[in-house]
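Below is one structure, written out as structure tokens; comments come after it.
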Amino acid sequence: MRLLERGDEVIGIDNHNDYYDPALKAARLARHQDDPHYTHIRGDLADRELIENLFKEHKPNRVVNLAAQAGVRYSLENPLAYIDSNLVGFAHILEGCRHNNVEHLVYASSSSVYGSNTKMPFSVHDNVNHPVSLYAATKKANELMAHSYSHLYNIPTTGLRFFTVYGPWDRPDMALQKFAKAIVGGKPIQLFNYGNHRRDFTYIDDIVEGVIRVLDKPAQPNPNWTGDAPDSATSYAPWRVYNIGNNNPVELKDYISTLEKALGKEAEKELLPLQPGDVEGTFADVDNLVKDFNYKPATRLEDGMLKFVEWYRSYYKND
């Protein structure tokens with residue numbers, strides 16, 4: 001939406017699968033599908049011929065890849081879906097950029113790449129070689145794949161490690177919609193790790209602003225990079241990674257309390273142990289984002305939650 005609002009020509013692609021309710025995807029699309037500057041393609045990133053033809057026909061100047069098989073827990077049940085979308089599909093995006101002189105590729109990575117790291121806040125300069133889910137491993141692999149293309153073909157690529165994004169139009173399999181639905185319906189909500197998770201919740205509008213700022217400034221090589229003391233966030237190639245998070249971790253219990261206040265109803269809570277693939281806390285160091293783009297997410301949780309609840313009630317017609 002933001003790209004269209006500023007006058008860009010936008011080509012979107014989505015396979016409209018049923019990982020979650022396709023009606024929600026259709027409703028998102030309906031907001032802008034009639035815009036004369038928007039072209040929508042129903043297809044899968046894993047379809048190599050389709051992606052090749054898309055790049056050849058439309059010749060995009062810049063590419064934003066937010067497509068992936070998402071979800072940590074689902075990766076325990078259906079790992080091959082992550083291979084097809086997050087690895088094979090991403091390789092097709094990289095090849096499209098390589099053969100069509102794309103100026104900049106920006107892609108979604110994830111805070112999950114920090115895996116077993118415990119030093120807080122998480123820094124892009126830290127080693128991230130111990131993922132605790134296949135989803136996280138595919139996101140780390142995306143960063144490595146992008147680096148190889150930046151090195152070999154001089155393609156500027158920037159990976160953005162998103163930290164627990166929330167807000168209107170989010171996925172119904174994500175915790176916030178699950179919590180809201182249960183609270184409104186008078187059913188118990190499940191709090192894993194007994195509600196002691198800490199997450200750096202980041203409002204969707206802040207993510208969008210960050211993506212656009214980064215997109216408009218293609219990655220540059222770091223002239224001071226050295227293999228003797230390799231920096232994990234930069235390279236001698238035009239490749240960068242950044243955290244995008246609120247820089248303010250919140251306990252899950254407080255997150256629920258904020259949702260309860262916005263809904264005007266208390267939740268019945270079921271406390272459960274930590275789940276496989278989960279991490280206890282996330283906390284984004286965004287110093288590089290501030291330094292390079294003069295930007296830092298700043299939406300207060302209370303404000304973002306009110307906007308989510310307003311959308312939720314409107315979309316699902318809840319009182």
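Every chain in the structure tokens has a letter given in the order shown (A, B, ...), and although residue numbers restart at 1 in each chain, ligands are simply numbered from 1 in the order shown.
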
Pro188 in chain A: which residues within 7 Å, counting only C-alpha atoms, same-chain residues fewer than 6 positions away excluded, as a CSV table (one decimal) with all heavy atoms, in the first residue's frame?
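That gives us out-v6.csv:
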chain,number,residue,atom,x,y,z
A,182,ALA,N,-9.8,-16.2,21.4
A,182,ALA,CA,-10.1,-17.0,22.6
A,182,ALA,C,-10.8,-16.1,23.7
A,182,ALA,O,-11.8,-16.5,24.3
A,182,ALA,CB,-8.9,-17.7,23.2
A,267,ALA,N,-8.7,-12.5,30.3
A,267,ALA,CA,-8.5,-13.8,29.7
A,267,ALA,C,-8.4,-14.9,30.7
A,267,ALA,O,-7.9,-14.7,31.8
A,267,ALA,CB,-7.2,-13.8,28.9
A,268,GLU,N,-8.9,-16.1,30.4
A,268,GLU,CA,-8.7,-17.3,31.2
A,268,GLU,C,-7.4,-17.9,30.7
A,268,GLU,O,-7.2,-18.1,29.5
A,268,GLU,CB,-9.8,-18.2,31.0
A,268,GLU,CG,-9.7,-19.5,31.9
A,268,GLU,CD,-10.8,-20.5,31.6
A,268,GLU,OE1,-11.9,-20.1,31.1
A,268,GLU,OE2,-10.6,-21.7,31.9
A,269,LYS,N,-6.4,-18.1,31.6
A,269,LYS,CA,-5.1,-18.5,31.1
A,269,LYS,C,-4.8,-20.0,31.5
A,269,LYS,O,-5.1,-20.4,32.6
A,269,LYS,CB,-4.1,-17.6,31.8
A,269,LYS,CG,-4.3,-16.1,31.4
A,269,LYS,CD,-3.3,-15.2,32.2
A,269,LYS,CE,-3.6,-13.7,31.9
A,269,LYS,NZ,-4.9,-13.3,32.5
A,270,GLU,N,-4.1,-20.7,30.6
A,270,GLU,CA,-3.6,-22.0,30.8
A,270,GLU,C,-2.1,-22.0,30.6
A,270,GLU,O,-1.6,-21.7,29.5
A,270,GLU,CB,-4.2,-23.0,29.8
A,270,GLU,CG,-3.8,-24.4,29.9
A,270,GLU,CD,-4.3,-25.4,28.8
A,270,GLU,OE1,-5.2,-24.9,28.0
A,270,GLU,OE2,-4.0,-26.5,28.8

Exercise. Can you tell me, as a PyMOL selection string, what residues are no more than 7 Å from Phe293 in chain A when counting only C-alpha atoms, ignoring any on the same chain fewer than 3 positions away?
Worked result: chain A and resi 213+289-290

Exercise. Within 9 Å of Ile41 in chain A, counting only C-alpha atoms, which residues qualify if same-chain residues fewer than 6 places away don't, as an MDAnalysis selection string?
Worked result: chainID A and resid 11:15 54

For this session: Skip range 196-198 of chain A itself and residues of its chain fewer than 2 positions away, then list as an MDAnalysis selection string all residues within 8 Å of it, counting only C-alpha atoms.
Result: chainID A and resid 192:194 200 249:253 279:282

For this session: Just the helix (DSSP H, G or I) stuff from range 115-173 of chain A, please, per backbone DSSP, written as JSON, numbers by chain.
Result: {"A": [134, 135, 136, 137, 138, 139, 140, 141, 142, 143, 144, 145, 146, 147, 148, 149, 150, 151, 152, 153]}

Could you write out the selected residues, including all heavy atoms, as a short mmCIF file (atom, residue, chain, number, x, y, z; two decimals), in the first residue's frame?
data_model
loop_
_atom_site.label_atom_id
_atom_site.label_comp_id
_atom_site.auth_asym_id
_atom_site.auth_seq_id
_atom_site.Cartn_x
_atom_site.Cartn_y
_atom_site.Cartn_z
N LEU A 134 13.77 -25.37 12.16
CA LEU A 134 14.09 -25.36 10.72
C LEU A 134 13.71 -24.02 10.11
O LEU A 134 14.41 -23.54 9.20
CB LEU A 134 13.37 -26.50 10.01
CG LEU A 134 13.66 -26.58 8.51
CD1 LEU A 134 15.13 -26.91 8.25
CD2 LEU A 134 12.76 -27.60 7.82
N TYR A 135 12.63 -23.43 10.56
CA TYR A 135 12.25 -22.10 10.06
C TYR A 135 13.42 -21.13 10.23
O TYR A 135 13.80 -20.42 9.30
CB TYR A 135 11.02 -21.59 10.81
CG TYR A 135 10.72 -20.13 10.54
CD1 TYR A 135 10.26 -19.72 9.30
CD2 TYR A 135 10.92 -19.16 11.54
CE1 TYR A 135 9.98 -18.38 9.05
CE2 TYR A 135 10.65 -17.83 11.29
CZ TYR A 135 10.19 -17.45 10.05
OH TYR A 135 9.93 -16.12 9.79
N ALA A 136 14.00 -21.10 11.43
CA ALA A 136 15.13 -20.21 11.69
C ALA A 136 16.32 -20.57 10.80
O ALA A 136 17.00 -19.68 10.27
CB ALA A 136 15.54 -20.30 13.16
N ALA A 137 16.55 -21.85 10.60
CA ALA A 137 17.67 -22.28 9.76
C ALA A 137 17.49 -21.81 8.33
O ALA A 137 18.45 -21.41 7.66
CB ALA A 137 17.79 -23.80 9.82
N THR A 138 16.24 -21.83 7.82
CA THR A 138 16.03 -21.37 6.44
C THR A 138 16.25 -19.87 6.33
O THR A 138 16.72 -19.38 5.29
CB THR A 138 14.61 -21.71 5.95
OG1 THR A 138 13.61 -21.05 6.73
CG2 THR A 138 14.38 -23.21 5.96
N LYS A 139 15.93 -19.12 7.37
CA LYS A 139 16.15 -17.67 7.33
C LYS A 139 17.65 -17.34 7.38
O LYS A 139 18.12 -16.43 6.68
CB LYS A 139 15.41 -16.99 8.49
CG LYS A 139 13.90 -17.00 8.32
CD LYS A 139 13.51 -16.25 7.06
CE LYS A 139 12.03 -16.09 6.89
NZ LYS A 139 11.67 -15.31 5.69
N LYS A 140 18.39 -18.07 8.19
CA LYS A 140 19.84 -17.91 8.19
C LYS A 140 20.41 -18.30 6.82
O LYS A 140 21.30 -17.63 6.28
CB LYS A 140 20.45 -18.79 9.29
CG LYS A 140 21.96 -18.94 9.24
CD LYS A 140 22.70 -17.65 9.47
CE LYS A 140 24.21 -17.90 9.54
NZ LYS A 140 24.98 -16.65 9.65
N ALA A 141 19.86 -19.37 6.24
CA ALA A 141 20.31 -19.79 4.91
C ALA A 141 20.04 -18.71 3.87
O ALA A 141 20.87 -18.49 2.96
CB ALA A 141 19.61 -21.09 4.51
N ASN A 142 18.91 -18.03 3.97
CA ASN A 142 18.61 -16.93 3.05
C ASN A 142 19.69 -15.86 3.10
O ASN A 142 20.11 -15.34 2.06
CB ASN A 142 17.27 -16.29 3.38
CG ASN A 142 16.07 -17.13 2.99
OD1 ASN A 142 14.96 -16.84 3.39
ND2 ASN A 142 16.29 -18.20 2.25
N GLU A 143 20.13 -15.52 4.30
CA GLU A 143 21.18 -14.51 4.43
C GLU A 143 22.47 -14.97 3.76
O GLU A 143 23.15 -14.17 3.09
CB GLU A 143 21.43 -14.22 5.92
CG GLU A 143 20.24 -13.60 6.63
CD GLU A 143 20.46 -13.37 8.11
OE1 GLU A 143 21.57 -13.67 8.60
OE2 GLU A 143 19.53 -12.87 8.77
N LEU A 144 22.81 -16.24 3.92
CA LEU A 144 24.03 -16.78 3.31
C LEU A 144 23.90 -16.86 1.80
O LEU A 144 24.85 -16.55 1.06
CB LEU A 144 24.33 -18.16 3.89
CG LEU A 144 24.62 -18.22 5.39
CD1 LEU A 144 24.76 -19.66 5.85
CD2 LEU A 144 25.89 -17.43 5.72
N MET A 145 22.73 -17.29 1.31
CA MET A 145 22.50 -17.35 -0.13
C MET A 145 22.60 -15.96 -0.75
O MET A 145 23.21 -15.78 -1.82
CB MET A 145 21.12 -17.96 -0.40
CG MET A 145 20.99 -19.43 0.00
SD MET A 145 19.26 -19.98 0.12
CE MET A 145 18.81 -20.01 -1.62
N ALA A 146 21.99 -14.98 -0.09
CA ALA A 146 22.05 -13.61 -0.60
C ALA A 146 23.49 -13.13 -0.66
O ALA A 146 23.90 -12.46 -1.61
CB ALA A 146 21.20 -12.69 0.28
N HIS A 147 24.28 -13.48 0.37
CA HIS A 147 25.67 -13.03 0.37
C HIS A 147 26.44 -13.60 -0.83
O HIS A 147 27.23 -12.89 -1.47
CB HIS A 147 26.39 -13.42 1.66
CG HIS A 147 27.79 -12.87 1.73
ND1 HIS A 147 28.88 -13.55 1.24
CD2 HIS A 147 28.26 -11.68 2.19
CE1 HIS A 147 29.97 -12.82 1.41
NE2 HIS A 147 29.62 -11.68 1.97
N SER A 148 26.19 -14.85 -1.13
CA SER A 148 26.92 -15.44 -2.26
C SER A 148 26.58 -14.73 -3.56
O SER A 148 27.45 -14.52 -4.41
CB SER A 148 26.61 -16.94 -2.36
OG SER A 148 25.27 -17.16 -2.73
N TYR A 149 25.33 -14.33 -3.74
CA TYR A 149 24.94 -13.61 -4.96
C TYR A 149 25.49 -12.18 -4.95
O TYR A 149 25.87 -11.66 -6.01
CB TYR A 149 23.42 -13.61 -5.11
CG TYR A 149 22.91 -14.83 -5.85
CD1 TYR A 149 22.97 -16.09 -5.24
CD2 TYR A 149 22.42 -14.74 -7.14
CE1 TYR A 149 22.52 -17.22 -5.91
CE2 TYR A 149 21.97 -15.87 -7.82
CZ TYR A 149 22.03 -17.11 -7.20
OH TYR A 149 21.59 -18.22 -7.87
N SER A 150 25.53 -11.55 -3.79
CA SER A 150 26.14 -10.22 -3.71
C SER A 150 27.61 -10.29 -4.06
O SER A 150 28.15 -9.42 -4.76
CB SER A 150 25.96 -9.64 -2.30
OG SER A 150 24.60 -9.39 -2.01
N HIS A 151 28.27 -11.33 -3.59
CA HIS A 151 29.70 -11.52 -3.86
C HIS A 151 29.96 -11.87 -5.33
O HIS A 151 30.82 -11.26 -5.98
CB HIS A 151 30.25 -12.63 -2.95
CG HIS A 151 31.56 -13.19 -3.40
ND1 HIS A 151 32.74 -12.49 -3.34
CD2 HIS A 151 31.87 -14.41 -3.93
CE1 HIS A 151 33.73 -13.23 -3.80
NE2 HIS A 151 33.23 -14.40 -4.17
N LEU A 152 29.21 -12.81 -5.85
CA LEU A 152 29.48 -13.31 -7.20
C LEU A 152 28.99 -12.37 -8.31
O LEU A 152 29.65 -12.23 -9.34
CB LEU A 152 28.83 -14.68 -7.39
CG LEU A 152 29.43 -15.83 -6.57
CD1 LEU A 152 28.52 -17.05 -6.65
CD2 LEU A 152 30.84 -16.16 -7.06
N TYR A 153 27.85 -11.72 -8.08
CA TYR A 153 27.20 -10.97 -9.15
C TYR A 153 27.01 -9.49 -8.83
O TYR A 153 26.37 -8.77 -9.59
CB TYR A 153 25.85 -11.61 -9.50
CG TYR A 153 25.96 -13.09 -9.74
CD1 TYR A 153 25.36 -14.00 -8.86
CD2 TYR A 153 26.68 -13.60 -10.82
CE1 TYR A 153 25.47 -15.36 -9.06
CE2 TYR A 153 26.79 -14.97 -11.03
CZ TYR A 153 26.19 -15.85 -10.15
OH TYR A 153 26.30 -17.20 -10.35
#

Could you list, as a short mmCIF file (atom, residue, chain, number, x, y, z; two decimals) with N, CA and C atoms, in the first residue's frame, every residue within 10 Å of Tyr114 in chain A, counting only C-alpha atoms and ignoring same-chain residues fewer than 4 positions away?
data_model
loop_
_atom_site.label_atom_id
_atom_site.label_comp_id
_atom_site.auth_asym_id
_atom_site.auth_seq_id
_atom_site.Cartn_x
_atom_site.Cartn_y
_atom_site.Cartn_z
N SER A 110 14.62 -13.00 10.08
CA SER A 110 13.83 -13.16 11.30
C SER A 110 14.70 -13.13 12.54
N THR A 118 22.04 -16.01 24.02
CA THR A 118 21.46 -15.50 25.27
C THR A 118 21.92 -14.09 25.59
N LYS A 119 22.96 -13.59 24.92
CA LYS A 119 23.43 -12.22 25.17
C LYS A 119 22.41 -11.24 24.61
N PHE A 122 20.05 -8.71 21.15
CA PHE A 122 20.61 -9.42 20.01
C PHE A 122 21.21 -8.42 19.03
N SER A 123 22.45 -8.65 18.66
CA SER A 123 23.15 -7.75 17.75
C SER A 123 23.44 -8.44 16.42
N VAL A 124 23.30 -7.68 15.34
CA VAL A 124 23.62 -8.24 14.02
C VAL A 124 25.10 -8.56 13.89
N ASP A 126 26.65 -10.33 16.13
CA ASP A 126 26.86 -11.60 16.84
C ASP A 126 26.77 -12.79 15.90
N ASN A 127 27.43 -13.87 16.27
CA ASN A 127 27.33 -15.14 15.56
C ASN A 127 25.91 -15.71 15.71
N VAL A 128 25.36 -16.22 14.63
CA VAL A 128 24.01 -16.81 14.69
C VAL A 128 24.01 -18.19 14.02
N ASN A 129 24.84 -19.07 14.52
CA ASN A 129 25.00 -20.39 13.91
C ASN A 129 24.31 -21.52 14.67
N HIS A 130 23.40 -21.18 15.58
CA HIS A 130 22.75 -22.23 16.35
C HIS A 130 21.23 -22.04 16.38
N PRO A 131 20.58 -22.16 15.21
CA PRO A 131 19.11 -22.05 15.17
C PRO A 131 18.47 -23.22 15.90
N VAL A 132 17.27 -22.99 16.45
CA VAL A 132 16.58 -24.05 17.19
C VAL A 132 15.30 -24.50 16.49
N ALA A 136 14.00 -21.10 11.43
CA ALA A 136 15.13 -20.21 11.69
C ALA A 136 16.32 -20.57 10.80
N ALA A 137 16.55 -21.85 10.60
CA ALA A 137 17.67 -22.28 9.76
C ALA A 137 17.49 -21.81 8.33
N LYS A 140 18.39 -18.07 8.19
CA LYS A 140 19.84 -17.91 8.19
C LYS A 140 20.41 -18.30 6.82
N ARG A 161 15.94 -8.56 9.83
CA ARG A 161 15.52 -9.51 10.86
C ARG A 161 14.35 -8.91 11.64
N VAL A 279 12.17 -19.80 21.73
CA VAL A 279 13.23 -19.20 22.55
C VAL A 279 12.57 -18.38 23.65
N THR A 282 13.50 -12.29 23.17
CA THR A 282 14.13 -11.58 22.06
C THR A 282 14.23 -10.11 22.42
#

Contacts of range 303-309 of chain A within 8 Å, only C-alpha atoms, excl. fewer than 6 positions in-chain, as an mmCIF file with N, CA and C atoms, in the first residue's frame:
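result-v2.cif written:
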data_model
loop_
_atom_site.group_PDB
_atom_site.id
_atom_site.type_symbol
_atom_site.label_atom_id
_atom_site.label_comp_id
_atom_site.auth_asym_id
_atom_site.auth_seq_id
_atom_site.Cartn_x
_atom_site.Cartn_y
_atom_site.Cartn_z
ATOM 1 N N TYR A 166 3.351 -7.481 14.885
ATOM 2 C CA TYR A 166 1.931 -7.594 15.217
ATOM 3 C C TYR A 166 1.184 -6.401 14.639
ATOM 4 N N GLY A 167 -0.139 -6.532 14.553
ATOM 5 C CA GLY A 167 -0.957 -5.425 14.075
ATOM 6 C C GLY A 167 -2.081 -5.900 13.189
ATOM 7 N N PRO A 168 -2.858 -4.964 12.629
ATOM 8 C CA PRO A 168 -3.975 -5.315 11.747
ATOM 9 C C PRO A 168 -3.534 -6.177 10.571
ATOM 10 N N TYR A 203 5.337 -3.117 15.869
ATOM 11 C CA TYR A 203 4.095 -2.819 15.164
ATOM 12 C C TYR A 203 4.320 -2.803 13.650
ATOM 13 N N THR A 258 -2.228 -6.009 28.146
ATOM 14 C CA THR A 258 -2.510 -4.898 27.238
ATOM 15 C C THR A 258 -3.645 -5.256 26.287
ATOM 16 N N LEU A 259 -3.657 -6.496 25.809
ATOM 17 C CA LEU A 259 -4.739 -6.959 24.943
ATOM 18 C C LEU A 259 -6.065 -6.993 25.711
ATOM 19 N N ALA A 262 -7.458 -3.542 25.936
ATOM 20 C CA ALA A 262 -7.974 -3.070 24.646
ATOM 21 C C ALA A 262 -9.310 -3.724 24.310
ATOM 22 N N LEU A 263 -9.471 -4.994 24.695
ATOM 23 C CA LEU A 263 -10.715 -5.716 24.428
ATOM 24 C C LEU A 263 -11.783 -5.439 25.483
#

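Excluding range 21-23 of chain A itself and any same-chain residue fewer than 4 positions from it, the protein and nucleic acid residues within 12 Å of it, counting only C-alpha atoms, are Asp14, Asn15, His16, Asn17, Ala27, Arg28, Leu29, Ala30, Trp169, Asp170, Arg171, Pro172, Asp173, Tyr315 and Tyr316 of chain A.
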
Seminar exercise, completed: The residue from A:Lys217, A:Val10, A:Ala237, A:Glu266 with the smallest atom-to-atom distance to Lys187 in chain A, counting only C-alpha atoms, is A:Glu266

For this session: Select, from A:Leu274, A:Leu301, A:Ala219, A:Val165, the residue with the minimum atom-to-atom distance to Gly195 in chain A, counting only C-alpha atoms.
Result: A:Leu274

For this session: Quote the spacing between CA of Pro218 in chain A and CA of Pro156 in chain A in Å to one decimal place.
Result: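 Computed distance, CA of Pro218 in chain A to CA of Pro156 in chain A, equals 5.9 Å.
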
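Each of A:Lys317, A:His99, A:His104, A:Arg73 was compared to Asp278 in chain A using only C-alpha atoms, and A:Arg73 turns out to be the nearest.
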
Problem set entry | Å distance separating CA of Asp231 in chain A from CA of Ala67 in chain A, one decimal place |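 Result for CA of Asp231 in chain A versus CA of Ala67 in chain A: 27.2 Å, one decimal.
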
For this session: Could you find all residues in range 84-252 of chain A that DSSP calls strand (DSSP E or B) from the backbone, and write them as a VMD selection string?
Result: chain A and resid 104 to 110 122 157 to 162 165 to 166 189 to 191 198 to 199 202 to 203 239 to 244 250 to 251

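Distances from A:Pro36, A:Gly7, A:Gly71, A:Gly43 to Met174 in chain A were compared using only C-alpha atoms, and the smallest one belongs to A:Gly71.
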
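Of note, CA of Ala298 in chain A and CA of Met120 in chain A are spaced 19.1 Å apart.
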
Exercise. Out of A:His125, A:His37, A:His58, A:His32, which residue has the shortest atom-to-atom distance to Thr234 in chain A when counting only C-alpha atoms?
Worked result: A:His125
